[in-house]
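Novice: The following block contains the structure, expressed as structure tokens.
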Amino acid sequence: MEKQVSEDFGQQVFETLKYIIDPEVGINIVDLGLVYEVSLAGDTLEIALTLTTQGCPMSGTIINAADQILKERFPDLDVHVNLVWSPPWTIDMMTEDGMRQLEGK
Amino acid sequence: MSTATSSNSPGKWVVLPHYAFAALAFVALSILLLFSTDAFGGHYFHPKLLTLTHVATLGWATMLIFGALYQLLPVVLDCKLYSEKLGIFAFGFLGIGTILLAWCFWHFELGYSMHLAACSLVISFILFTINVIQTARLAPKWTIESDFIVTSAIWLLVTGIVGLVMVLNFTMAFLPVEHTHYLKLHAHIGMSGWFLLLIIGVGAKLIPMFLLAHAERTEKLNWSYNLINVGLVFFIIDHIFLHTVFLPVYAALVVAGVALFLLFIYETAKTRKRQDVDLGMKQTFVALALLLLPLLLVMVISSQLNFPQQLLSAVYLVYGISVFLGFISALILGQTFKTLPFIVWMHAYENYVGRFKTPLPKDLYSHTLQRWQNVFYLLGFILLITGVLFQNQQIILAGAIGFTLTSILYTINVYKLLLHKVQELKPFTYGKASV
């Protein structure tokens with residue numbers, strides 16, 4: 001049964017995923033707003049993430065990276081990373097930090 | 001939320017050899033240019049100019065586009081490449097055909113060697129076209145970009161077939177009209193049908209992507225596609241059968257199509273969220289600006305104005321140069337550094353991302369070399385067209401030197417990327433918190 005992800009745990013997941021940088025934009029995938037959903041069901045951690053453009057060649061790399069990093073960070077959990085295209089990513093999904101980085105570059 | 005498939009990228013051995021070959025072809029082209037300053041004083045049907053044109057269009061531009069497209073087709077069409085083997089065979093035939101054809105034109109050897117070269121090229125184009133069409137058929141959604149790309153591949157094949165017919169005609173003389181008549185057909189199908197349509201199709205997807213810009217409305221692209229193709233088909237029918245005075249009308253249709261694409265890019269660029277435009281994108285914008293020159297010149301030459309013959313020949317040459325060494329080369333010089341670092345990085349670091357501190361794609365090549373490459377390119381191009389227009393061999397030579405320096409800097413950077421080795425990487429520690 002899916003349980004509510006505690007704020008603290010959710011924060012740890014997001015902080016971990018911040019190590020993954022989009023190589024084209026140079027901003028991490030959390031601040032880019034690419035991570036749509038984090039859920040924990042029993043020992044299964046499910047992540048839904050997207051990319052800035054459909055068909056982006058980075059899809060495999062980013063999914064593998066998210067999968068590896070979360071497995072290493074949370075070795076007791078069964079990690080599933082799903083790539084989703086709906087809703088399509090828009091610039092408005094970026095965090096304030098992400099926007100600052102984008103504008104500051 | 002519906003889940004999607006992961007990466008569609010092809011193996012690196014399908015893509016990277018094209019970049020390696022194209023860079024060397026660009027150096028060869030520049031060196032040949034140094035030894036061809038005497039060829040720009042007359043008609044464009046000259047062995048050295050034919051050599052330069054085919055090294056530029058086949059060895060440099062088409063070779064690089066083939067390689068880049070195998071990487072970009074899955075991005076644009078959102079599906080896997082139909083066949084990597086077809087891609088490798090197309091590379092082989094294109095490489096052999098280009099070298100042989102360049103040798104034949106330089107020595108004006110019009111016999112069986114040239115037949116072999118032309119056949120090799122047509123085989124390459126057939127394989128490429130099959131690969132593009134079959135890949136497009138795998139795409140989950142047919143888009144205007146698919147229209148541009150598939151149609152461009154078909155036009156490439158038509159260009160190749162017209163070229164093969166002309167090569168056979170050198171020894172068998174079966175065509176009813178003089179050779180330059182078909183050369184115009186061959187050149188314009190290649191320029192508008194192959195290069196222009198392909199660049200618009202891919203550019204319409206990639207430029208907004210690189211700028212993080214919205215490009216939701218495609219009406220301008222639809223009209224662009226229709227106008228360019230209608231203009232080209234009318235031109236072909238008229239040129240072969242009718243011989244009317246409507247050439248400027250057909251040219252205007254193509255120009256209007258390109259103008260709509262430029263307008264699409266302009267409107268998209270206005271919505272961009274990314275303010276940092278890197279050197280690759282700056283060079284891309286230079287290329288789009290340079291596109292205005294051939295658009296202007298095609299109206300001039302199609303209007304058949306009463307220019308003195310010498311000036312008319314010079315204008316024809318500047319027109320050709322502005323397409324191949326202007327717009328297309330400028331675009332390649334820019335887009336190489338938006339695509340190749342990414343491809344190399346992905347193959348080198350995809351297993352390390354998130355676990356180790358990895359460099360970014362932009363860290364894998366020299367920005368200083370790229371900056372000087374762009375400077376020498378622009379200087380070389382301006383000098384070359386000035387020299388050709390004023391029939392001055394010293395200025396042409398200065399332009400050729402500019403291109404040679406550009407090609408050397410470009411090739412050093414490309415090979416720096418191609419030969420990149422993964423350095424020792426520092427692992428991440430992921431902070432102190434525990435689950």
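Residues in the structure tokens are numbered from 1 in each chain, the chains being A, B, ... in the order shown, and ligands are numbered from 1 in the order shown.
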Any idea which chain A residues end up within 7 Å of chain B if we count only C-alpha atoms, as a list in words please?

Specialist: Thr16, Tyr19, Ile20, Pro23, Thr53, Gln54, Gly55, Cys56, Pro57, Met58, Ser59, Gly60, Thr61, Ala65, Ala66, Ile69, Phe74, Asn82, Leu83, Val84, Trp85, Ser86, Leu102, Glu103 and Lys105 of chain A

Novice: With only C-alpha atoms as the counted atoms, please give the residues lying no more than 12 Å from Phe246 of chain B, apart from itself and same-chain residues fewer than 2 positions off, as an NGL selection string.

Specialist: :B and (231 or 234-239 or 242-244 or 248-253 or 299 or 302-304)

Novice: The selected residues should be written to file as a compact mmCIF listing (two decimals), in the first residue's frame (atoms: C-alpha atoms).

Specialist:
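And here is the file that came out, again-v6.txt:
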```txt
# COMPACT_ATOMS: atom_id res chain seq x y z
CA GLY B 231 8.95 26.32 -56.15
CA PHE B 234 7.92 24.19 -60.87
CA PHE B 235 11.57 25.05 -61.50
CA ILE B 236 12.39 21.45 -62.49
CA ILE B 237 9.41 21.14 -64.85
CA ASP B 238 10.11 24.52 -66.43
CA HIS B 239 13.84 23.90 -66.73
CA LEU B 242 8.99 24.65 -70.78
CA HIS B 243 11.85 27.20 -70.70
CA THR B 244 9.59 30.10 -69.74
CA PRO B 248 12.07 34.51 -60.66
CA VAL B 249 8.57 33.38 -59.61
CA TYR B 250 9.83 29.91 -58.67
CA ALA B 251 12.82 31.44 -56.92
CA ALA B 252 10.47 33.77 -55.03
CA LEU B 253 8.41 30.78 -53.83
CA MET B 299 16.57 36.43 -57.19
CA SER B 302 17.01 33.98 -61.88
CA SER B 303 15.97 37.42 -63.17
CA GLN B 304 18.53 37.08 -65.99
```

Novice: Determine which residues of chain A DSSP labels as strand (DSSP E or B) from the backbone of this structure, then write them out as an mmCIF file with C-alpha atoms, in the first residue's frame.

Specialist:
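Final file, selection34.cif:
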```cif
data_model
loop_
_atom_site.group_PDB
_atom_site.id
_atom_site.type_symbol
_atom_site.label_atom_id
_atom_site.label_comp_id
_atom_site.auth_asym_id
_atom_site.auth_seq_id
_atom_site.Cartn_x
_atom_site.Cartn_y
_atom_site.Cartn_z
ATOM 1 C CA GLU A 2 1.377 3.394 -0.945
ATOM 2 C CA LYS A 3 2.268 5.492 2.042
ATOM 3 C CA ILE A 21 23.040 17.640 -13.884
ATOM 4 C CA ASN A 28 20.396 19.790 -11.863
ATOM 5 C CA VAL A 35 11.198 15.295 -11.209
ATOM 6 C CA TYR A 36 7.405 15.072 -11.178
ATOM 7 C CA GLU A 37 6.641 12.596 -8.427
ATOM 8 C CA VAL A 38 8.277 10.687 -5.570
ATOM 9 C CA SER A 39 6.268 7.922 -3.889
ATOM 10 C CA LEU A 40 7.032 5.139 -1.470
ATOM 11 C CA ALA A 41 4.907 1.940 -1.423
ATOM 12 C CA THR A 44 9.362 0.378 -3.365
ATOM 13 C CA LEU A 45 10.478 3.876 -4.203
ATOM 14 C CA GLU A 46 8.855 5.170 -7.410
ATOM 15 C CA ILE A 47 10.151 8.238 -9.224
ATOM 16 C CA ALA A 48 8.416 9.884 -12.197
ATOM 17 C CA LEU A 49 10.643 12.220 -14.175
ATOM 18 C CA ASP A 78 13.467 -1.219 -4.468
ATOM 19 C CA VAL A 79 13.903 1.761 -6.808
ATOM 20 C CA HIS A 80 11.830 2.298 -9.986
ATOM 21 C CA VAL A 81 12.477 5.331 -12.178
ATOM 22 C CA ASN A 82 9.864 6.023 -14.834
ATOM 23 C CA LEU A 83 10.241 8.475 -17.702
ATOM 24 C CA VAL A 84 6.977 10.294 -18.387
#
```

Novice: Find the residue from B:Tyr316, B:Phe327, B:Leu279, B:Lys48 that sits nearest to Trp103 of chain B; use only C-alpha atoms when measuring.

Specialist: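 Selected residue with least distance to Trp103 of chain B: B:Lys48.
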
Novice: Distance atom CA of Asp38 of chain B-atom CA of Leu164 of chain B, one decimal place?

Specialist: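 Taking atom CA of Asp38 of chain B and atom CA of Leu164 of chain B, their separation equals 27.8 Å.
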
Novice: Excluding same-chain residues fewer than 2 positions from Tyr266 of chain B, what lies within 12 Å of it counting only C-alpha atoms, as a compact mmCIF listing (two decimals) with C-alpha atoms, in the first residue's frame?

Specialist:
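Final output, saved to around-v7.txt:
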```txt
# COMPACT_ATOMS: atom_id res chain seq x y z
CA ALA B 204 12.95 23.72 -36.37
CA ILE B 207 17.08 25.48 -32.22
CA PRO B 208 14.07 25.90 -29.86
CA LEU B 211 17.28 27.90 -26.47
CA ALA B 213 12.02 28.18 -26.16
CA HIS B 214 8.42 27.32 -26.95
CA ALA B 215 7.57 26.47 -30.55
CA LYS B 220 4.76 28.82 -40.80
CA ALA B 259 11.67 33.55 -45.02
CA LEU B 260 8.82 31.83 -43.16
CA PHE B 261 11.30 29.46 -41.52
CA LEU B 262 13.47 32.42 -40.46
CA LEU B 263 10.35 34.12 -39.08
CA PHE B 264 9.50 30.95 -37.15
CA THR B 268 10.67 31.19 -31.20
CA ALA B 269 13.90 32.89 -30.16
CA LYS B 270 11.87 35.75 -28.67
CA THR B 271 10.30 33.28 -26.20
CA ARG B 272 13.62 31.79 -25.14
CA PHE B 285 22.78 32.71 -35.87
CA LEU B 288 21.12 32.11 -40.55
CA ALA B 289 22.13 35.70 -41.25
```

Novice: Among segment 2-96 of chain A, which ones does DSSP assign to alpha helix (DSSP H) (computed from the backbone)? Answer as a count of residues only.

Specialist: 27

Novice: Closest to Ile123 of chain B among B:Met172, B:Gln310, B:Lys416, B:Val158, using only C-alpha atoms?

Specialist: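 Smallest separation from Ile123 of chain B among the options: B:Val158.
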
Novice: Need to verify the contact set: Val30 of chain A, 7 Å, only C-alpha atoms, exclusion of same-chain residues closer than 2 positions in sequence. Can you return it as number ranges by chain?

Specialist: A: 14, 17-18, 28, 32-35

Novice: Kindly give the distance, in Å, that separates atom CA of Ile62 of chain A and atom CA of Ser146 of chain B, rounded to a single decimal.

Specialist: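 Going from atom CA of Ile62 of chain A over to atom CA of Ser146 of chain B covers 26.1 Å.
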